[in-house]
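File shown here: input-v9.cif, holding mmCIF, C-alpha atoms.
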data_work
#
loop_
_atom_site.label_atom_id
_atom_site.label_comp_id
_atom_site.auth_asym_id
_atom_site.auth_seq_id
_atom_site.Cartn_x
_atom_site.Cartn_y
_atom_site.Cartn_z
CA MET A 218 31.54 -18.51 -70.49
CA ASP A 219 35.11 -19.15 -71.61
CA PHE A 220 36.93 -15.88 -72.26
CA ASN A 221 40.28 -15.84 -74.01
CA MET A 222 41.94 -13.26 -71.80
CA LYS A 223 45.16 -13.34 -73.79
CA LYS A 224 43.38 -12.48 -77.05
CA LEU A 225 41.28 -9.87 -75.27
CA ALA A 226 44.38 -8.19 -73.88
CA SER A 227 46.05 -8.31 -77.30
CA ASP A 228 43.05 -6.70 -78.99
CA ALA A 229 42.91 -4.02 -76.32
CA GLY A 230 46.60 -3.30 -76.84
CA ILE A 231 46.16 -3.01 -80.62
CA PHE A 232 43.18 -0.70 -80.17
CA PHE A 233 45.14 1.50 -77.76
CA THR A 234 48.12 1.68 -80.13
CA ARG A 235 45.88 2.71 -83.02
CA ALA A 236 44.14 5.31 -80.88
CA VAL A 237 47.46 6.82 -79.83
CA GLN A 238 48.72 6.86 -83.43
CA PHE A 239 45.49 8.45 -84.68
CA THR A 240 45.56 11.12 -81.98
CA GLU A 241 49.20 12.00 -82.61
CA GLU A 242 48.47 12.31 -86.34
CA LYS A 243 45.61 14.70 -85.63
CA PHE A 244 47.90 16.90 -83.54
CA GLY A 245 50.73 16.69 -86.07
CA GLN A 246 53.03 14.76 -83.74
CA ALA A 247 53.33 11.63 -85.87
CA GLU A 248 54.00 10.86 -89.53
CA LYS A 249 51.23 9.49 -91.70
CA THR A 250 51.59 7.19 -94.67
CA GLU A 251 49.98 8.92 -97.64
CA LEU A 252 48.18 7.03 -100.37
CA ASP A 253 49.06 7.66 -104.01
CA ALA A 254 47.11 10.21 -106.05
CA HIS A 255 45.31 7.57 -108.14
CA PHE A 256 44.08 5.83 -105.00
CA GLU A 257 42.85 9.13 -103.56
CA ASN A 258 40.96 9.84 -106.80
CA LEU A 259 39.30 6.42 -106.58
CA LEU A 260 38.24 7.15 -103.01
CA ALA A 261 36.83 10.56 -103.96
CA ARG A 262 34.89 9.10 -106.91
CA ALA A 263 33.48 6.33 -104.73
CA ASP A 264 32.32 8.81 -102.08
CA SER A 265 30.74 11.04 -104.73
CA THR A 266 28.97 8.05 -106.29
CA LYS A 267 27.59 6.99 -102.93
CA ASN A 268 26.38 10.47 -101.98
CA TRP A 269 24.64 11.18 -105.31
CA THR A 270 23.14 7.70 -105.44
CA GLU A 271 21.54 8.31 -102.05
CA ARG A 272 20.15 11.68 -103.17
CA ILE A 273 18.80 10.33 -106.46
CA LEU A 274 17.25 7.35 -104.67
CA ARG A 275 15.51 9.49 -102.04
CA GLN A 276 14.18 12.02 -104.55
CA THR A 277 12.94 9.30 -106.89
CA GLU A 278 11.06 7.79 -103.97
CA VAL A 279 9.49 11.20 -103.36
CA LEU A 280 8.54 11.42 -107.04
CA LEU A 281 6.87 8.02 -107.01
CA GLN A 282 5.26 8.45 -103.60
CA PRO A 283 4.88 12.10 -102.49
CA ASN A 284 3.18 11.12 -99.21
CA PRO A 285 5.91 10.89 -96.50
CA SER A 286 3.72 8.76 -94.22
CA ALA A 287 3.23 6.21 -96.99
CA ARG A 288 6.98 6.14 -97.63
CA VAL A 289 7.69 5.47 -93.96
CA GLU A 290 5.10 2.69 -93.94
CA GLU A 291 6.65 1.08 -97.02
CA PHE A 292 10.12 1.38 -95.45
CA LEU A 293 8.95 -0.43 -92.30
CA TYR A 294 7.36 -3.21 -94.34
CA GLU A 295 10.62 -3.70 -96.23
CA LYS A 296 12.68 -3.82 -93.04
CA LEU A 297 10.30 -6.38 -91.56
CA ASP A 298 10.53 -8.46 -94.77
CA ARG A 299 6.79 -8.21 -95.27
CA LYS A 300 4.90 -7.57 -98.49
CA VAL A 301 3.83 -3.97 -98.97
CA PRO A 302 0.02 -3.86 -99.21
CA SER A 303 -1.51 -2.61 -102.43
CA ARG A 304 -2.32 1.08 -102.26
CA VAL A 305 -5.00 2.92 -104.24
CA THR A 306 -3.53 5.71 -106.36
CA ASN A 307 -4.87 9.25 -106.23
CA GLY A 308 -6.29 8.92 -109.74
CA GLU A 309 -8.15 5.74 -108.86
CA LEU A 310 -9.53 7.35 -105.69
CA LEU A 311 -10.70 10.37 -107.68
CA ALA A 312 -12.34 8.03 -110.21
CA GLN A 313 -14.18 6.28 -107.39
CA TYR A 314 -15.51 9.57 -106.00
CA MET A 315 -16.63 10.75 -109.45
CA ALA A 316 -18.41 7.49 -110.15
CA GLU A 317 -20.23 7.65 -106.80
CA ALA A 318 -21.16 11.29 -107.42
CA ALA A 319 -22.54 10.43 -110.87
CA SER A 320 -24.59 7.60 -109.39
CA GLU A 321 -26.10 9.89 -106.76
CA LEU A 322 -26.60 12.98 -108.93
CA GLY A 323 -28.00 11.07 -111.86
CA PRO A 324 -25.92 9.24 -114.48
CA THR A 325 -28.31 10.24 -117.28
CA THR A 326 -27.91 13.99 -116.76
CA PRO A 327 -25.28 15.88 -118.75
CA TYR A 328 -23.21 16.41 -115.60
CA GLY A 329 -23.58 12.80 -114.47
CA THR A 330 -22.71 11.45 -117.92
CA THR A 331 -19.56 13.57 -117.99
CA LEU A 332 -18.61 12.45 -114.48
CA VAL A 333 -18.87 8.82 -115.57
CA LYS A 334 -16.65 9.37 -118.59
CA VAL A 335 -14.06 11.35 -116.62
CA SER A 336 -14.04 8.77 -113.84
CA GLU A 337 -13.28 6.03 -116.36
CA ALA A 338 -10.40 8.08 -117.73
CA GLU A 339 -9.06 8.81 -114.23
CA LYS A 340 -9.24 5.12 -113.42
CA ARG A 341 -7.11 4.34 -116.47
CA LEU A 342 -4.69 7.09 -115.45
CA GLY A 343 -4.44 5.58 -111.97
CA ALA A 344 -3.73 2.14 -113.41
CA ALA A 345 -1.03 3.62 -115.66
CA GLU A 346 0.50 5.35 -112.63
CA ARG A 347 0.52 2.07 -110.70
CA ASP A 348 2.31 0.30 -113.56
CA PHE A 349 4.84 3.14 -113.79
CA ILE A 350 5.59 3.03 -110.05
CA HIS A 351 6.10 -0.72 -110.17
CA ALA A 352 8.34 -0.57 -113.26
CA ALA A 353 10.44 2.28 -111.83
CA SER A 354 10.84 0.50 -108.50
CA VAL A 355 12.02 -2.73 -110.09
CA SER A 356 14.24 -1.34 -112.84
CA PHE A 357 15.66 1.76 -111.13
CA LEU A 358 15.18 1.97 -107.36
CA THR A 359 16.07 -1.65 -106.59
CA PRO A 360 19.53 -1.56 -108.30
CA LEU A 361 20.40 1.72 -106.57
CA ARG A 362 19.31 0.34 -103.21
CA ASN A 363 21.26 -2.88 -103.80
CA PHE A 364 24.42 -0.85 -104.43
CA LEU A 365 24.04 1.13 -101.21
CA GLU A 366 23.13 -1.88 -99.08
CA GLY A 367 25.52 -4.36 -100.71
CA ASP A 368 28.53 -3.14 -102.66
CA TRP A 369 28.98 0.07 -100.71
CA LYS A 370 28.90 -1.71 -97.34
CA THR A 371 31.63 -4.04 -98.59
CA ILE A 372 33.72 -1.10 -99.79
CA SER A 373 33.25 0.72 -96.48
CA LYS A 374 34.28 -2.36 -94.52
CA GLU A 375 37.47 -2.80 -96.55
CA ARG A 376 38.27 0.92 -96.26
CA ARG A 377 38.00 0.74 -92.47
CA LEU A 378 40.26 -2.30 -92.49
CA LEU A 379 42.74 -0.43 -94.68
CA GLN A 380 42.67 2.49 -92.25
CA ASN A 381 43.51 0.12 -89.39
CA ARG A 382 46.36 -1.44 -91.37
CA ARG A 383 47.74 2.00 -92.10
CA LEU A 384 47.62 2.96 -88.41
CA ASP A 385 49.41 -0.29 -87.52
CA LEU A 386 52.04 0.42 -90.18
CA ASP A 387 52.66 3.97 -89.00
CA ALA A 388 52.78 2.82 -85.37
CA CYS A 389 55.47 0.27 -86.32
CA LYS A 390 57.42 2.97 -88.14
CA ALA A 391 57.28 5.22 -85.09
CA ARG A 392 58.33 2.35 -82.80
CA LEU A 393 61.28 1.48 -85.04
CA LYS A 394 62.34 5.13 -85.19
CA LYS A 395 62.32 5.40 -81.39
CA ALA A 396 64.19 2.11 -81.01
CA LYS A 397 66.93 3.23 -83.40
CA ALA A 398 67.27 6.56 -81.60
CA ALA A 399 67.60 4.78 -78.24
CA GLU A 400 70.07 2.30 -79.70
CA ALA A 401 72.25 5.10 -81.04
CA LYS A 402 72.20 6.83 -77.67
CA ALA A 403 73.06 3.62 -75.81
CA SER A 404 75.93 2.76 -78.15
CA THR A 405 77.70 6.08 -77.51
CA VAL A 406 81.15 5.35 -75.96
CA PRO A 407 81.41 6.97 -72.49
CA ASP A 408 84.40 9.00 -71.33
CA PHE A 409 87.04 6.78 -69.62
CA GLN A 410 87.96 9.54 -67.15
CA GLU A 411 84.43 10.17 -65.91
CA THR A 412 82.82 6.73 -66.10
CA ARG A 413 83.25 3.85 -63.72
CA PRO A 414 83.87 0.31 -65.02
CA ARG A 415 80.41 -0.76 -63.79
CA ASN A 416 78.79 1.68 -66.23
CA TYR A 417 80.55 0.01 -69.18
CA ILE A 418 78.75 -3.20 -68.36
CA LEU A 419 75.38 -1.42 -68.07
CA SER A 420 75.97 0.44 -71.31
CA ALA A 421 76.86 -2.73 -73.21
CA SER A 422 73.81 -4.53 -71.80
CA ALA A 423 71.49 -1.63 -72.76
CA SER A 424 72.96 -1.54 -76.26
CA ALA A 425 72.27 -5.27 -76.70
CA LEU A 426 68.71 -4.83 -75.48
CA TRP A 427 68.05 -1.99 -77.91
CA ASN A 428 69.56 -4.06 -80.74
CA ASP A 429 67.00 -6.77 -80.01
CA GLU A 430 64.28 -4.13 -79.85
CA VAL A 431 65.31 -2.74 -83.24
CA ASP A 432 65.29 -6.21 -84.79
CA LYS A 433 61.85 -6.89 -83.35
CA ALA A 434 60.53 -3.53 -84.59
CA GLU A 435 61.90 -4.16 -88.08
CA GLN A 436 60.24 -7.57 -88.18
CA GLU A 437 56.89 -6.07 -87.08
CA LEU A 438 57.28 -3.32 -89.69
CA ARG A 439 57.78 -5.85 -92.49
CA VAL A 440 54.68 -7.75 -91.42
CA ALA A 441 52.64 -4.54 -91.13
CA GLN A 442 53.85 -3.35 -94.55
CA THR A 443 52.86 -6.66 -96.15
CA GLU A 444 49.38 -6.57 -94.60
CA PHE A 445 48.92 -2.93 -95.60
CA ASP A 446 49.94 -3.58 -99.22
CA ARG A 447 47.62 -6.58 -99.43
CA GLN A 448 44.68 -4.65 -98.02
CA ALA A 449 45.42 -1.66 -100.25
CA GLU A 450 45.25 -3.90 -103.31
CA VAL A 451 41.92 -5.43 -102.22
CA THR A 452 40.45 -1.98 -101.60
CA ARG A 453 41.79 -0.69 -104.91
CA LEU A 454 40.06 -3.49 -106.83
CA LEU A 455 36.75 -2.72 -105.13
CA LEU A 456 37.08 1.00 -105.83
CA GLU A 457 37.86 0.36 -109.49
CA GLY A 458 34.62 -1.63 -109.62
CA ILE A 459 32.76 1.69 -109.28
CA SER A 460 33.14 2.02 -113.06
CA SER A 461 31.04 -1.12 -113.49
CA THR A 462 28.53 0.36 -111.06
CA HIS A 463 28.24 3.46 -113.24
CA VAL A 464 27.57 1.28 -116.29
CA ASN A 465 24.87 -0.62 -114.42
CA HIS A 466 23.26 2.58 -113.15
CA LEU A 467 23.33 4.01 -116.66
CA ARG A 468 21.41 1.02 -117.96
CA CYS A 469 18.91 1.38 -115.10
CA LEU A 470 18.52 5.06 -115.89
CA HIS A 471 17.62 4.23 -119.49
CA GLU A 472 15.00 1.79 -118.20
CA PHE A 473 13.59 4.48 -115.92
CA VAL A 474 13.32 6.97 -118.79
CA LYS A 475 11.65 4.32 -120.93
CA SER A 476 9.04 3.52 -118.28
CA GLN A 477 8.43 7.22 -117.66
CA THR A 478 8.00 7.85 -121.37
CA THR A 479 5.52 5.01 -121.61
CA TYR A 480 3.58 6.36 -118.64
CA TYR A 481 3.24 9.89 -119.98
CA ALA A 482 2.36 8.59 -123.45
CA GLN A 483 -0.45 6.53 -121.92
CA CYS A 484 -1.68 9.55 -119.96
CA TYR A 485 -1.68 11.70 -123.08
CA ARG A 486 -3.55 9.05 -125.04
CA HIS A 487 -6.18 8.57 -122.32
CA MET A 488 -6.79 12.30 -121.96
CA LEU A 489 -6.94 12.82 -125.72
CA ASP A 490 -9.56 10.09 -125.99
CA LEU A 491 -11.49 11.66 -123.11
CA GLN A 492 -11.34 15.06 -124.77
CA LYS A 493 -12.74 13.67 -128.00
CA GLN A 494 -15.50 11.82 -126.16
CA LEU A 495 -16.55 14.92 -124.24
CA GLY A 496 -16.48 17.00 -127.41
CA ARG A 497 -19.18 14.74 -128.87
CA PHE A 498 -21.51 14.89 -125.86
CA PRO A 499 -24.37 17.36 -126.50
CA GLY A 500 -25.19 19.51 -123.52
CA THR A 501 -22.15 18.60 -121.44
CA PHE A 502 -20.54 22.04 -121.52
CA VAL A 503 -20.11 23.36 -117.99
CA GLY A 504 -19.89 27.13 -117.45
CA THR A 505 -20.72 30.09 -119.62
CA PRO A 506 -18.32 32.24 -121.58
CA GLU A 507 -17.36 35.53 -120.01
CA PRO A 508 -16.60 38.45 -122.31
CA ALA A 509 -14.21 39.89 -119.72
CA SER A 510 -12.04 36.76 -119.65
CA PRO A 511 -8.39 37.07 -120.78
CA PRO A 512 -7.67 36.46 -124.47
CA LEU A 513 -6.69 32.95 -125.43
CA SER A 514 -3.35 34.14 -126.74
CA SER A 515 -2.27 35.03 -123.21
CA THR A 516 -2.46 31.38 -122.13
CA SER A 517 0.13 28.86 -123.16
CA PRO A 518 -1.05 25.64 -124.88
CA THR A 519 0.01 23.59 -121.86
CA THR A 520 -1.99 25.73 -119.43
CA ALA A 521 -4.94 25.92 -121.78
CA ALA A 522 -4.99 22.12 -122.10
CA ALA A 523 -5.11 21.73 -118.32
CA THR A 524 -7.98 24.23 -117.86
CA MET A 525 -9.86 23.84 -121.14
CA PRO A 526 -13.63 23.43 -120.75
CA VAL A 527 -15.43 20.65 -122.51
CA VAL A 528 -17.07 21.79 -125.75
CA PRO A 529 -20.18 20.07 -127.06
CA ALA A 530 -20.48 19.04 -130.64
CA VAL A 531 -23.67 20.71 -131.82
CA ALA A 532 -25.35 18.92 -134.68
CA SER A 533 -26.23 22.13 -136.50
CA LEU A 534 -26.38 25.89 -136.13
CA ALA A 535 -30.04 26.03 -136.98
CA PRO A 536 -32.57 26.13 -134.16
CA PRO A 537 -34.72 23.03 -133.59
CA GLY A 538 -37.36 22.49 -136.19
CA GLU A 539 -35.56 24.46 -138.90
CA ALA A 540 -33.54 23.16 -141.78
CA ALA A 541 -29.79 22.69 -141.31
CA LEU A 542 -27.66 25.62 -142.31
CA CYS A 543 -25.82 25.25 -145.62
CA LEU A 544 -22.32 26.50 -144.84
CA GLU A 545 -21.35 26.81 -148.49
CA GLU A 546 -23.97 29.53 -148.87
CA VAL A 547 -22.91 31.48 -145.75
CA ALA A 548 -21.13 34.75 -146.45
CA PRO A 549 -18.57 36.25 -144.08
CA SER A 550 -19.88 38.58 -141.42
CA THR A 551 -20.00 42.26 -142.17
CA SER A 552 -17.82 42.81 -139.11
CA GLY A 553 -14.96 41.17 -141.01
CA THR A 554 -12.84 38.08 -140.62
CA ARG A 555 -9.88 37.27 -138.38
CA LYS A 556 -6.97 34.90 -138.51
CA ALA A 557 -6.70 32.25 -135.81
CA ARG A 558 -4.06 29.69 -134.88
CA VAL A 559 -5.25 26.21 -133.92
CA LEU A 560 -4.06 25.14 -130.46
CA TYR A 561 -5.00 21.45 -130.56
CA ASP A 562 -6.10 18.81 -133.03
CA TYR A 563 -9.87 18.57 -133.38
CA GLU A 564 -11.81 15.81 -135.09
CA ALA A 565 -15.05 16.93 -136.72
CA ALA A 566 -18.09 15.23 -135.25
CA ASP A 567 -20.19 15.66 -138.42
CA SER A 568 -20.15 17.29 -141.83
CA SER A 569 -21.09 20.70 -140.43
CA GLU A 570 -17.79 20.95 -138.50
CA LEU A 571 -14.30 21.63 -139.76
CA ALA A 572 -11.50 19.28 -138.66
CA LEU A 573 -8.48 21.11 -137.22
CA LEU A 574 -4.77 20.42 -136.99
CA ALA A 575 -2.59 21.96 -134.29
CA ASP A 576 -0.60 25.08 -135.26
CA GLU A 577 -2.38 25.64 -138.59
CA LEU A 578 -3.81 29.08 -139.49
CA ILE A 579 -7.44 29.46 -140.53
CA THR A 580 -9.85 32.31 -141.19
CA VAL A 581 -12.74 32.66 -138.74
CA TYR A 582 -15.82 34.83 -138.36
CA SER A 583 -19.12 34.74 -136.53
CA LEU A 584 -22.74 35.01 -137.61
CA PRO A 585 -25.63 36.84 -135.96
CA GLY A 586 -27.37 34.68 -133.36
CA MET A 587 -24.58 32.12 -133.43
CA ASP A 588 -23.50 30.24 -130.29
CA PRO A 589 -20.62 32.31 -128.80
CA ASP A 590 -18.64 29.10 -128.20
CA TRP A 591 -18.43 28.44 -131.94
CA LEU A 592 -17.16 30.27 -135.01
CA ILE A 593 -17.23 29.66 -138.74
CA GLY A 594 -13.80 28.56 -139.92
CA GLU A 595 -12.45 28.59 -143.48
CA ARG A 596 -9.43 26.78 -144.84
CA GLY A 597 -9.09 27.01 -148.60
CA ASN A 598 -12.40 25.93 -150.12
CA LYS A 599 -13.48 24.11 -146.93
CA LYS A 600 -15.78 25.71 -144.39
CA GLY A 601 -17.30 24.55 -141.11
CA LYS A 602 -17.96 25.21 -137.46
CA VAL A 603 -14.98 25.30 -135.10
CA PRO A 604 -14.90 25.52 -131.27
CA VAL A 605 -13.48 28.77 -129.90
CA THR A 606 -11.52 27.03 -127.13
CA TYR A 607 -9.36 25.32 -129.74
CA LEU A 608 -8.26 28.61 -131.25
CA GLU A 609 -5.91 31.48 -130.54
CA LEU A 610 -7.33 34.58 -132.20
CA LEU A 611 -4.72 36.74 -133.87
CA SER A 612 -4.90 40.46 -134.49
#

What is this file in structure tokens?
Amino acid sequence: MDFNMKKLASDAGIFFTRAVQFTEEKFGQAEKTELDAHFENLLARADSTKNWTERILRQTEVLLQPNPSARVEEFLYEKLDRKVPSRVTNGELLAQYMAEAASELGPTTPYGTTLVKVSEAEKRLGAAERDFIHAASVSFLTPLRNFLEGDWKTISKERRLLQNRRLDLDACKARLKKAKAAEAKASTVPDFQETRPRNYILSASASALWNDEVDKAEQELRVAQTEFDRQAEVTRLLLEGISSTHVNHLRCLHEFVKSQTTYYAQCYRHMLDLQKQLGRFPGTFVGTPEPASPPLSSTSPTTAAATMPVVPAVASLAPPGEAALCLEEVAPSTSGTRKARVLYDYEAADSSELALLADELITVYSLPGMDPDWLIGERGNKKGKVPVTYLELLS
């Protein structure tokens, strides 16, 4: 192999000079060229942008994929430039288990029928989650990752080069300062009474040598100053480009919010449809009411929606074989009536039920022998059955 020893020695000398200058600056034994305040502000803003972009990127990855092992696997696939295999979402896996359970336990039973319906809803939720993860990765994660792996690496490279140019400049300043001090000492006129003629010759020769050294140091300083100014301007332009990065990230953030809004809207719509379907299934109610359970008013609407049991839509209050109850002829219970606030919208399954709107107030009461999961509700001149789980009873 052909080594350029001259270039290698030159590079080693430059590295040693920079190391000496850097060490002396750390110990306060050398002067350091300071950048202007605007440049320092640009550097601080760039560092802050990089740090927060990394944090937002990592946490968004955790949001989209909570499993750390899966994230590591996806990271390795990306580094190997291989396509990440399709992964089943938790909702889709739950839907698969529910469907298999319904098939084994009996799809025609009330429990099996409900499992089938819920599994279909969970499958749709899983598909919506998959679409959301893909949209967020493309419109939000990819631009952030491109900034860290592209623009920021370029900025870091130019900043390191600027640091080297500054060390070279300060080293040239220190060399020129030493050369001038030596020149001034050599040019001092010796005392004629105490100095031999031979020393005059040596003094004049040393003065000429230091003059040449000063000229050389000044020439190197001009070159170093020019290179430093040029590199400072290049770095400044890159740092000012952080403003464009902020604009791009802002647009990506809007896209992320849009995709997230779409995802949660789809989830709400799927669950609302599932709730309506389960409300029309006779005999699908799981669990029995407990008189000792906490009052509905102690549970927030959000919590109640997550834990709300499925309520069947009973065709009529009358037992089998008897005529349907005429609600217009039903009088309020002797125990009195109560006010109730509606927690969620409810669509009446038939004419015997009363449709409800969230947050409206209605009058409710029960009848002897009536299903404890249902009450009679009145709103104006309208009357009908209403499910208890949709109500918050007021005092």

Can you pull out every residue within 7 Å of segment 580-584 of chain A, counting only C-alpha atoms, but drop anything in the same chain fewer than 4 positions away, and send it as a PyMOL selection string?
-> chain A and resi 549-550+553-557+592-596

Name every residue that the PyMOL selection byres ((chain A and resi 332) around 10) selects in this structure, writing the answer as a list in words with chains first and numbers rising.
-> Ala312, Tyr314, Met315, Ala316, Glu317, Ala318, Ala319, Ser320, Leu322, Gly323, Pro324, Thr326, Pro327, Tyr328, Gly329, Thr330, Thr331, Val333, Lys334, Val335, Ser336, Glu337, Ala338 and Thr501 of chain A

Return the single residue from A:Ala263, A:Gly308, A:Lys374, A:Leu365 that is closest to Cys484 of chain A, with distances computed using only C-alpha atoms.
-> A:Gly308

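Distances from A:Ala261, A:Val289, A:Leu281, A:Ile273 to Arg347 of chain A were compared using only C-alpha atoms, and the smallest one belongs to A:Leu281.
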
Residue IDs satisfying the PyMOL selection byres ((chain A and resi 488) around 12), as number ranges by chain = A: 334-342, 481-487, 489-495, 522-523, 525

Would you mind exporting C-alpha atoms of the selected residues as a short mmCIF file (atom, residue, chain, number, x, y, z; two decimals), in the frame of the given file?
data_model
loop_
_atom_site.label_atom_id
_atom_site.label_comp_id
_atom_site.auth_asym_id
_atom_site.auth_seq_id
_atom_site.Cartn_x
_atom_site.Cartn_y
_atom_site.Cartn_z
CA LYS A 334 -16.65 9.37 -118.59
CA VAL A 335 -14.06 11.35 -116.62
CA SER A 336 -14.04 8.77 -113.84
CA GLU A 337 -13.28 6.03 -116.36
CA ALA A 338 -10.40 8.08 -117.73
CA GLU A 339 -9.06 8.81 -114.23
CA LYS A 340 -9.24 5.12 -113.42
CA ARG A 341 -7.11 4.34 -116.47
CA LEU A 342 -4.69 7.09 -115.45
CA TYR A 481 3.24 9.89 -119.98
CA ALA A 482 2.36 8.59 -123.45
CA GLN A 483 -0.45 6.53 -121.92
CA CYS A 484 -1.68 9.55 -119.96
CA TYR A 485 -1.68 11.70 -123.08
CA ARG A 486 -3.55 9.05 -125.04
CA HIS A 487 -6.18 8.57 -122.32
CA LEU A 489 -6.94 12.82 -125.72
CA ASP A 490 -9.56 10.09 -125.99
CA LEU A 491 -11.49 11.66 -123.11
CA GLN A 492 -11.34 15.06 -124.77
CA LYS A 493 -12.74 13.67 -128.00
CA GLN A 494 -15.50 11.82 -126.16
CA LEU A 495 -16.55 14.92 -124.24
CA ALA A 522 -4.99 22.12 -122.10
CA ALA A 523 -5.11 21.73 -118.32
CA MET A 525 -9.86 23.84 -121.14
#

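Taking atom CA of Glu609 of chain A as the reference point, atom CA of Arg558 of chain A is found at 5.0 Å.
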